[in-house]
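A.B. asks: So that you have it, the file is data.txt, and it contains compact mmCIF, C-alpha atoms and all ligand atoms:
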```txt
# COMPACT_ATOMS: atom_id res chain seq x y z
CA MET M 2 103.37 92.53 126.06
CA ALA M 3 106.66 91.68 124.41
CA LYS M 4 107.81 94.45 122.10
CA THR M 5 108.39 92.12 119.19
CA ASP M 6 105.05 90.27 119.00
CA GLY M 7 104.05 91.87 115.70
CA GLN M 8 107.08 90.22 114.12
CA ARG M 9 105.05 87.04 113.89
CA TRP M 10 103.17 88.59 110.95
CA ARG M 11 105.73 91.08 109.73
CA VAL M 12 107.41 90.66 106.35
CA GLY M 13 111.12 91.37 106.66
CA PRO M 14 112.66 93.72 104.09
CA GLY M 15 113.77 91.78 101.02
CA THR M 16 111.74 88.67 101.92
CA LYS M 17 109.86 87.01 99.08
CA VAL M 18 106.35 86.28 100.37
CA HIS M 19 104.54 83.06 99.42
CA LEU M 20 100.97 83.58 100.49
CA ASP M 21 100.00 79.94 99.94
CA LYS M 22 102.50 79.03 102.68
CA ILE M 23 100.75 81.22 105.24
CA ASP M 24 97.75 79.54 106.87
CA THR M 25 94.69 81.79 106.60
CA ARG M 26 93.08 79.96 109.55
CA SER M 27 96.06 80.30 111.87
CA THR M 28 95.44 81.32 115.47
CA ALA M 29 99.12 81.21 116.42
CA GLY M 30 99.96 83.14 119.56
CA ALA M 31 96.34 83.97 120.41
CA PRO M 32 95.73 84.34 124.15
CA GLY M 33 93.16 81.52 124.13
CA ASP M 34 89.86 80.59 122.53
CA ARG M 35 87.58 83.08 120.90
CA ALA M 36 86.11 84.39 124.16
CA ALA M 37 89.51 84.84 125.79
CA THR M 38 90.85 86.54 122.67
CA ASP M 39 87.87 88.92 122.46
CA GLU M 40 88.58 89.88 126.06
CA ALA M 41 92.21 90.54 125.22
CA VAL M 42 91.10 92.72 122.30
CA ALA M 43 88.96 94.83 124.64
CA GLY M 44 92.05 95.45 126.77
CA LEU M 45 94.16 96.31 123.73
CA LEU M 46 91.56 98.79 122.47
CA GLY M 47 91.77 100.55 125.83
CA GLU M 48 95.54 100.79 125.44
CA LEU M 49 95.09 102.06 121.91
CA GLN M 50 92.83 104.85 123.11
CA GLY M 51 95.36 106.01 125.67
CA LEU M 52 98.19 105.94 123.15
CA GLN M 53 96.13 107.82 120.57
CA GLU M 54 95.38 110.54 123.07
CA ARG M 55 99.08 110.95 123.75
CA LEU M 56 99.87 111.05 120.04
CA TYR M 57 97.30 113.81 119.59
CA ALA M 58 98.49 115.76 122.62
CA GLU M 59 102.12 115.48 121.55
CA GLY M 60 101.36 116.65 118.00
CA LYS M 61 104.74 115.64 116.56
CA GLN M 62 104.20 112.26 114.92
CA SER M 63 101.40 110.54 113.02
CA LEU M 64 100.31 107.02 112.15
CA LEU M 65 99.18 105.77 108.75
CA VAL M 66 97.53 102.36 108.61
CA VAL M 67 97.18 100.90 105.11
CA LEU M 68 94.51 98.19 104.85
CA GLN M 69 94.47 95.95 101.81
CA ALA M 70 92.73 92.66 101.09
CA ILE M 71 91.03 90.69 98.41
CA ASP M 72 87.23 91.28 98.23
CA ALA M 73 85.44 90.19 101.42
CA GLY M 74 88.82 90.07 103.16
CA GLY M 75 87.45 92.00 106.14
CA LYS M 76 88.67 95.59 105.71
CA ASP M 77 85.35 97.08 106.79
CA GLY M 78 84.97 94.70 109.73
CA THR M 79 88.50 95.49 110.90
CA ILE M 80 87.80 99.21 110.79
CA LYS M 81 84.53 98.73 112.67
CA HIS M 82 86.00 96.54 115.40
CA VAL M 83 89.46 97.94 115.92
CA PHE M 84 89.07 101.67 115.32
CA ARG M 85 85.65 102.20 116.90
CA GLY M 86 87.04 103.37 120.22
CA LEU M 87 89.38 106.02 118.87
CA ASN M 88 88.71 109.71 119.22
CA PRO M 89 87.26 110.85 115.87
CA ALA M 90 88.82 114.29 116.39
CA SER M 91 92.18 112.88 115.36
CA CYS M 92 91.32 109.65 113.55
CA ARG M 93 90.03 109.40 110.01
CA VAL M 94 89.27 106.64 107.53
CA VAL M 95 89.90 107.36 103.87
CA SER M 96 88.41 104.94 101.32
CA PHE M 97 89.96 104.89 97.88
CA LYS M 98 87.58 104.13 95.03
CA VAL M 99 87.97 104.04 91.26
CA PRO M 100 89.82 107.30 90.51
CA SER M 101 87.73 110.18 89.21
CA GLU M 102 88.53 111.84 85.91
CA GLU M 103 90.33 114.63 87.74
CA GLU M 104 92.35 112.15 89.79
CA ARG M 105 93.27 110.21 86.67
CA SER M 106 94.56 113.35 85.02
CA HIS M 107 97.33 113.55 87.66
CA ASP M 108 100.08 111.18 88.74
CA PHE M 109 98.78 108.20 90.75
CA LEU M 110 99.99 109.54 94.09
CA TRP M 111 98.35 112.92 93.73
CA ARG M 112 95.08 111.91 95.33
CA VAL M 113 96.84 110.00 98.09
CA HIS M 114 99.41 112.45 99.40
CA ASN M 115 97.05 115.05 100.80
CA LYS M 116 95.06 112.38 102.62
CA ALA M 117 98.12 111.31 104.61
CA PRO M 118 97.92 112.09 108.33
CA ALA M 119 98.88 115.45 109.80
CA LYS M 120 100.98 115.47 112.96
CA GLY M 121 99.02 114.02 115.87
CA ASP M 122 96.59 112.10 113.66
CA VAL M 123 95.83 108.48 112.89
CA VAL M 124 94.63 107.81 109.35
CA VAL M 125 93.40 104.49 108.00
CA PHE M 126 93.57 103.93 104.26
CA ASN M 127 90.77 101.56 103.23
CA ARG M 128 92.45 100.53 99.98
CA SER M 129 95.30 102.81 99.07
CA HIS M 130 98.10 103.77 96.69
CA TYR M 131 98.68 100.00 96.37
CA GLU M 132 95.62 99.64 94.14
CA ASP M 133 97.86 101.10 91.45
CA VAL M 134 99.95 97.92 91.42
CA LEU M 135 97.03 95.57 92.26
CA VAL M 136 93.71 96.12 90.45
CA VAL M 137 95.54 98.20 87.85
CA ARG M 138 97.94 95.33 87.14
CA VAL M 139 95.35 92.54 87.25
CA HIS M 140 92.98 94.39 84.92
CA ASN M 141 95.70 95.77 82.65
CA LEU M 142 94.45 99.29 83.22
CA VAL M 143 97.86 100.62 82.23
CA PRO M 144 100.75 98.83 80.49
CA GLU M 145 103.35 96.98 82.55
CA ASP M 146 106.04 99.55 81.78
CA VAL M 147 103.84 102.07 83.59
CA TRP M 148 102.89 100.06 86.70
CA ARG M 149 106.18 98.22 87.23
CA PRO M 150 108.26 101.29 88.15
CA ARG M 151 105.64 102.13 90.75
CA TYR M 152 107.09 99.81 93.39
CA GLU M 153 110.09 102.13 93.68
CA MET M 154 107.82 105.16 93.62
CA LEU M 155 105.74 103.68 96.44
CA ASN M 156 108.85 103.13 98.53
CA ASP M 157 110.08 106.67 97.84
CA PHE M 158 106.68 108.14 98.67
CA GLU M 159 106.53 106.29 101.97
CA SER M 160 110.09 107.39 102.81
CA THR M 161 108.94 110.97 102.30
CA LEU M 162 106.08 110.47 104.75
CA ALA M 163 108.33 108.69 107.23
CA ALA M 164 110.87 111.53 107.12
CA ALA M 165 108.08 113.90 108.15
CA GLY M 166 107.26 111.86 111.26
CA THR M 167 104.66 109.42 109.92
CA ARG M 168 104.84 105.79 111.01
CA ILE M 169 103.42 103.48 108.37
CA VAL M 170 101.89 100.09 109.07
CA LYS M 171 100.62 98.09 106.10
CA LEU M 172 98.19 95.27 106.77
CA TYR M 173 97.25 92.58 104.29
CA LEU M 174 94.21 90.62 105.49
CA HIS M 175 94.83 87.11 104.24
CA ILE M 176 91.76 84.94 103.56
CA SER M 177 91.38 81.71 101.60
CA LYS M 178 89.38 81.33 98.41
CA GLU M 179 86.97 79.05 100.31
CA GLU M 180 86.43 81.68 102.99
CA GLN M 181 85.72 84.28 100.30
CA ALA M 182 83.10 81.94 98.80
CA GLU M 183 81.41 81.60 102.19
CA ARG M 184 81.40 85.34 102.79
CA PHE M 185 80.03 86.05 99.31
CA GLN M 186 77.32 83.43 99.81
CA ALA M 187 76.34 85.01 103.13
CA ARG M 188 76.07 88.37 101.35
CA ILE M 189 73.72 86.81 98.81
CA ASP M 190 71.62 84.85 101.31
CA ASP M 191 71.22 87.56 103.96
CA PRO M 192 69.10 90.48 102.68
CA SER M 193 70.78 92.84 105.12
CA LYS M 194 74.12 92.02 103.47
CA ASN M 195 72.96 92.15 99.83
CA TRP M 196 74.27 95.69 99.50
CA LYS M 197 77.81 94.44 100.02
CA PHE M 198 77.68 92.16 97.00
CA ARG M 199 78.09 93.08 93.35
CA THR M 200 78.12 90.50 90.57
CA ALA M 201 81.31 92.20 89.39
CA ASP M 202 82.94 90.73 92.52
CA LEU M 203 82.76 87.36 90.77
CA GLU M 204 84.87 88.66 87.89
CA ASP M 205 87.58 89.50 90.38
CA ARG M 206 87.15 86.13 92.09
CA ALA M 207 87.82 84.49 88.72
CA ARG M 208 91.16 86.36 88.74
CA TRP M 209 92.11 85.08 92.19
CA ASP M 210 95.51 83.75 91.12
CA ALA M 211 96.43 86.98 89.36
CA TYR M 212 95.56 88.92 92.52
CA VAL M 213 97.68 86.58 94.63
CA ASP M 214 100.63 87.18 92.28
CA ALA M 215 100.07 90.93 92.43
CA PHE M 216 99.82 90.97 96.23
CA GLU M 217 102.89 88.77 96.61
CA GLU M 218 105.00 91.02 94.45
CA ALA M 219 103.70 94.23 96.00
CA ILE M 220 104.27 93.00 99.55
CA SER M 221 107.68 91.52 98.77
CA ARG M 222 108.94 94.63 97.01
CA THR M 223 107.61 97.27 99.37
CA SER M 224 107.98 95.82 102.85
CA THR M 225 110.69 98.08 104.22
CA ALA M 226 112.07 98.86 107.66
CA THR M 227 110.20 102.18 107.70
CA ALA M 228 106.94 100.87 106.18
CA PRO M 229 106.59 97.15 106.86
CA TRP M 230 103.82 94.87 105.61
CA TYR M 231 102.11 92.45 107.96
CA VAL M 232 100.27 89.41 106.58
CA ILE M 233 97.38 88.72 108.95
CA PRO M 234 95.64 85.33 108.87
CA ALA M 235 92.07 86.60 108.57
CA ASP M 236 89.67 83.69 108.06
CA ARG M 237 88.88 83.94 111.76
CA LYS M 238 87.68 87.46 112.39
CA TRP M 239 88.37 87.35 116.14
CA TYR M 240 91.99 86.40 115.52
CA ARG M 241 92.32 89.10 112.85
CA ASN M 242 90.98 91.76 115.25
CA TRP M 243 93.38 90.65 117.93
CA ALA M 244 96.40 90.61 115.58
CA VAL M 245 95.62 94.06 114.18
CA SER M 246 95.04 95.50 117.66
CA ARG M 247 98.34 94.10 118.88
CA ILE M 248 100.28 95.48 115.94
CA LEU M 249 98.78 98.92 116.43
CA VAL M 250 99.39 98.98 120.17
CA GLU M 251 102.92 97.76 119.66
CA THR M 252 103.62 100.35 116.98
CA LEU M 253 102.21 103.27 118.96
CA ALA M 254 103.98 102.12 122.12
CA ASP M 255 107.22 102.07 120.15
CA MET M 256 106.52 105.60 118.88
CA ASP M 257 106.22 106.50 122.56
CA PRO M 258 104.28 109.77 122.24
CA GLN M 259 104.65 112.08 125.22
CA TYR M 260 102.32 114.66 126.69
CA PRO M 261 103.85 118.08 126.06
CA PRO M 262 105.41 119.76 129.09
CA ALA M 263 102.79 121.61 131.10
CA GLU M 264 103.07 125.32 131.75
CA ASP M 265 104.11 126.25 135.27
CA LEU M 266 100.72 126.16 137.02
CA THR M 267 101.98 126.74 140.52
CA GLY M 268 99.56 128.91 142.46
CA VAL M 269 97.00 129.08 139.63
CA VAL M 270 93.54 129.00 141.19
CA ILE M 271 90.37 129.44 139.19
CA THR M 272 87.97 131.89 140.80
P1 LIG X 301 85.35 98.28 98.80
O1 LIG X 301 85.36 97.09 97.88
O2 LIG X 301 86.73 98.74 99.18
O3 LIG X 301 84.45 98.11 99.97
P2 LIG X 301 84.01 99.59 96.62
O4 LIG X 301 83.06 98.45 96.48
O5 LIG X 301 83.50 100.98 96.46
O6 LIG X 301 84.76 99.54 98.02
O7 LIG X 301 85.21 99.33 95.62
C1 LIG X 301 86.17 100.26 95.34
C2 LIG X 301 86.73 99.90 93.98
O8 LIG X 301 87.64 100.89 93.59
C3 LIG X 301 87.45 98.57 93.99
O9 LIG X 301 86.97 97.74 92.97
C4 LIG X 301 88.89 98.97 93.70
O10 LIG X 301 89.59 98.00 92.98
C5 LIG X 301 88.70 100.25 92.92
N1 LIG X 301 89.88 101.10 92.96
C6 LIG X 301 90.48 101.66 94.03
N2 LIG X 301 91.60 102.32 93.66
C7 LIG X 301 91.72 102.16 92.34
C8 LIG X 301 92.67 102.60 91.38
N3 LIG X 301 93.73 103.35 91.74
N4 LIG X 301 92.47 102.26 90.10
C9 LIG X 301 91.41 101.52 89.73
N5 LIG X 301 90.47 101.06 90.59
C10 LIG X 301 90.62 101.38 91.87
```
Written as structure tokens, how would this file's structure read?

C.D. replies:
Amino acid sequence: MAKTDGQRWRVGPGTKVHLDKIDTRSTAGAPGDRAATDEAVAGLLGELQGLQERLYAEGKQSLLVVLQAIDAGGKDGTIKHVFRGLNPASCRVVSFKVPSEEERSHDFLWRVHNKAPAKGDVVVFNRSHYEDVLVVRVHNLVPEDVWRPRYEMLNDFESTLAAAGTRIVKLYLHISKEEQAERFQARIDDPSKNWKFRTADLEDRARWDAYVDAFEEAISRTSTATAPWYVIPADRKWYRNWAVSRILVETLADMDPQYPPAEDLTGVVIT
């Protein structure tokens, strides 16, 4: 695998993202049709497992994966399909909900910082510190002069994590408004999916354009060399799983975790 494959989806520092120019149904670079791509994903997940074990054994670096999307964008499906093979001893998913009263009585990063990965760990943020410039902006939960300075604060926060050995990969799952409609409808029509749908989701759907603006600005202003954003075409779930798996394998391979040197075991025989 070429080292630079993830660059297909990566947002270069300082680049202004236009989401409407990125095809949500793209399958660019996929190894073949759906079946061939699923097979490739299985291979990548095997690689991921091996790399995670080395990261854990090494105990010097960590990986933070930030997952963001519009409702029904596929965050849960990505977690289920891509992270299922990892060793739970050193992999954790943290889901960020509406902040509690205690969380709201602190600065917006307070609840996030101590969920960041310890050395050796992989942590997935299902929603994240970015909600504070996304839902908060779209719903006017705080005035603009409060949320606007947060882009810089987000960059500073991520620099702090990076300086402590954390690699940060930020994934935006990019679906179309039509695809969201189909996924919502499936959640309404299929009783086993009803639990995933809330009528409040429609209020957010009505604010689609405001969310697109908020995502575009957040991604454009916070995609840095140390913590890049990747925009993943995600209408096709099989392509999304493949793209995410590739980015993770590529990132971990680049981190190149090493097993720690063994003790001198010459002549040691267990009796
Ligand atoms: P999900 O949609 O991720 O599967 P939920 O249905 O529990 O999970 O939704 C979590 C909700 O919490 C979302 O509506 C999200 O916008 C909200 N949320 C997360 N972080 C914040 C925040 N910092 N401020 C306000 N709302 C937030």

A.B. asks: I want to know what sits within 8 Å of stretch 219-228 of chain M, based on all atoms listed in the file, with residues of the same chain fewer than 6 positions away left out; could you give that as a compact mmCIF listing (two decimals) with C-alpha atoms, keeping the file's coordinate frame?

C.D. replies:
```txt
# COMPACT_ATOMS: atom_id res chain seq x y z
CA VAL M 12 107.41 90.66 106.35
CA GLY M 13 111.12 91.37 106.66
CA PRO M 14 112.66 93.72 104.09
CA GLY M 15 113.77 91.78 101.02
CA THR M 16 111.74 88.67 101.92
CA LYS M 17 109.86 87.01 99.08
CA VAL M 18 106.35 86.28 100.37
CA TYR M 131 98.68 100.00 96.37
CA VAL M 134 99.95 97.92 91.42
CA LEU M 135 97.03 95.57 92.26
CA TYR M 152 107.09 99.81 93.39
CA GLU M 153 110.09 102.13 93.68
CA LEU M 155 105.74 103.68 96.44
CA ASN M 156 108.85 103.13 98.53
CA GLU M 159 106.53 106.29 101.97
CA SER M 160 110.09 107.39 102.81
CA ALA M 163 108.33 108.69 107.23
CA ARG M 168 104.84 105.79 111.01
CA ILE M 169 103.42 103.48 108.37
CA VAL M 170 101.89 100.09 109.07
CA LYS M 171 100.62 98.09 106.10
```

A.B. asks: Looking at all atoms listed in the file, which of M:Leu162, M:Glu102, M:Tyr260, M:Ala73 is the one that sits closest to M:Leu203?

C.D. replies: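 Of M:Leu162, M:Glu102, M:Tyr260, M:Ala73, the one nearest M:Leu203, counting all atoms listed in the file, is M:Ala73.
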
A.B. asks: Please find the residues contacting ligand LIG 301 (chain X) at a distance of at most 9 Å between atoms, with only C-alpha atoms and all ligand atoms counted, and report them as a ChimeraX atom specification.

C.D. replies: /M:69-73,76-77,96-100,105,109,127-137,140,142,197-199,201-202,205

A.B. asks: Only C-alpha atoms, please: the residues just picked out, written as a PDB file, in the coordinates of the input.

C.D. replies:
```
ATOM      1  CA  GLN M  69      94.470  95.950 101.810  1.00  0.00           C
ATOM      2  CA  ALA M  70      92.730  92.660 101.090  1.00  0.00           C
ATOM      3  CA  ILE M  71      91.030  90.690  98.410  1.00  0.00           C
ATOM      4  CA  ASP M  72      87.230  91.280  98.230  1.00  0.00           C
ATOM      5  CA  ALA M  73      85.440  90.190 101.420  1.00  0.00           C
ATOM      6  CA  LYS M  76      88.670  95.590 105.710  1.00  0.00           C
ATOM      7  CA  ASP M  77      85.350  97.080 106.790  1.00  0.00           C
ATOM      8  CA  SER M  96      88.410 104.940 101.320  1.00  0.00           C
ATOM      9  CA  PHE M  97      89.960 104.890  97.880  1.00  0.00           C
ATOM     10  CA  LYS M  98      87.580 104.130  95.030  1.00  0.00           C
ATOM     11  CA  VAL M  99      87.970 104.040  91.260  1.00  0.00           C
ATOM     12  CA  PRO M 100      89.820 107.300  90.510  1.00  0.00           C
ATOM     13  CA  ARG M 105      93.270 110.210  86.670  1.00  0.00           C
ATOM     14  CA  PHE M 109      98.780 108.200  90.750  1.00  0.00           C
ATOM     15  CA  ASN M 127      90.770 101.560 103.230  1.00  0.00           C
ATOM     16  CA  ARG M 128      92.450 100.530  99.980  1.00  0.00           C
ATOM     17  CA  SER M 129      95.300 102.810  99.070  1.00  0.00           C
ATOM     18  CA  HIS M 130      98.100 103.770  96.690  1.00  0.00           C
ATOM     19  CA  TYR M 131      98.680 100.000  96.370  1.00  0.00           C
ATOM     20  CA  GLU M 132      95.620  99.640  94.140  1.00  0.00           C
ATOM     21  CA  ASP M 133      97.860 101.100  91.450  1.00  0.00           C
ATOM     22  CA  VAL M 134      99.950  97.920  91.420  1.00  0.00           C
ATOM     23  CA  LEU M 135      97.030  95.570  92.260  1.00  0.00           C
ATOM     24  CA  VAL M 136      93.710  96.120  90.450  1.00  0.00           C
ATOM     25  CA  VAL M 137      95.540  98.200  87.850  1.00  0.00           C
ATOM     26  CA  HIS M 140      92.980  94.390  84.920  1.00  0.00           C
ATOM     27  CA  LEU M 142      94.450  99.290  83.220  1.00  0.00           C
ATOM     28  CA  LYS M 197      77.810  94.440 100.020  1.00  0.00           C
ATOM     29  CA  PHE M 198      77.680  92.160  97.000  1.00  0.00           C
ATOM     30  CA  ARG M 199      78.090  93.080  93.350  1.00  0.00           C
ATOM     31  CA  ALA M 201      81.310  92.200  89.390  1.00  0.00           C
ATOM     32  CA  ASP M 202      82.940  90.730  92.520  1.00  0.00           C
ATOM     33  CA  ASP M 205      87.580  89.500  90.380  1.00  0.00           C
TER      34      ASP M 205
END
```

A.B. asks: I'd like the contact shell of M:Asp39 - 12 Å cut-off, all atoms listed in the file, skipping same-chain residues fewer than 2 positions apart - returned as a list in words.

C.D. replies: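 Within the cut-off, the hits are Ala31, Pro32, Gly33, Asp34, Arg35, Ala36, Ala37, Ala41, Val42, Ala43, Gly44, Leu45, Leu46, His82, Val83, Arg237, Lys238, Trp239, Tyr240, Arg241, Asn242, Trp243, Ala244 and Ser246 of chain M.
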
A.B. asks: What's around M:Val124 at 9 Å? Count all atoms listed in the file, leave out sequence neighbours fewer than 6 positions away in its own chain, and write the answer as a ChimeraX atom specification.

C.D. replies: /M:63-67,91-95,116-118

A.B. asks: Considering only C-alpha atoms, can you say which of M:Asp257, M:Glu264, M:Asp108, M:Asp236 comes closest to M:Glu183?

C.D. replies: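 For M:Glu183, the nearest of the given residues is M:Asp236.
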
A.B. asks: Can you tell me how far atom CA of M:Ile176 sits from atom CA of M:Asp6, in Å to one decimal?

C.D. replies: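 Result for atom CA of M:Ile176 versus atom CA of M:Asp6: 21.1 Å, one decimal.
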
A.B. asks: Please indicate the distance in Å from atom CA of M:Asp191 to atom CA of M:Ile80, rounded to one decimal place.

C.D. replies: 21.4 Å

A.B. asks: Could you check how far atom CA of M:Ser101 sits from atom CA of M:Val125, in Å to one decimal?

C.D. replies: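 These atoms are spaced 20.4 Å apart.
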
A.B. asks: Looking at M:Gly86, M:Pro229, M:Gly74, M:Pro258, which one is nearest to M:Gly121, with distances taken over only C-alpha atoms?

C.D. replies: M:Pro258

A.B. asks: Pick from M:Trp111, M:Gln62, M:Val143, M:Thr79: nearest to M:Gly166, with all atoms listed in the file counted?

C.D. replies: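 Ranked by minimum distance to M:Gly166, first place goes to M:Gln62.
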
A.B. asks: Calculated over all atoms listed in the file, which of the candidates M:Thr25, M:Pro192, M:Ala182, M:Leu20 has the smallest distance to M:Tyr212?

C.D. replies: M:Leu20

A.B. asks: Could you tell me which of M:Glu48, M:Tyr173, M:Gly78, M:Thr28 comes closest to M:Val213 if we count all atoms listed in the file?

C.D. replies: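 Looking at the shortest contact to M:Val213, the residue is M:Tyr173.
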
A.B. asks: Around stretch 209-220 of chain M, fit a box with edges along x, y and z, padding it by 3 Å on each side, then list its centre and edge lengths in Å to one decimal as JSON.

C.D. replies:
```
{"center_x": 98.6, "center_y": 89.0, "center_z": 94.5, "size_x": 18.9, "size_y": 16.5, "size_z": 16.2}
```
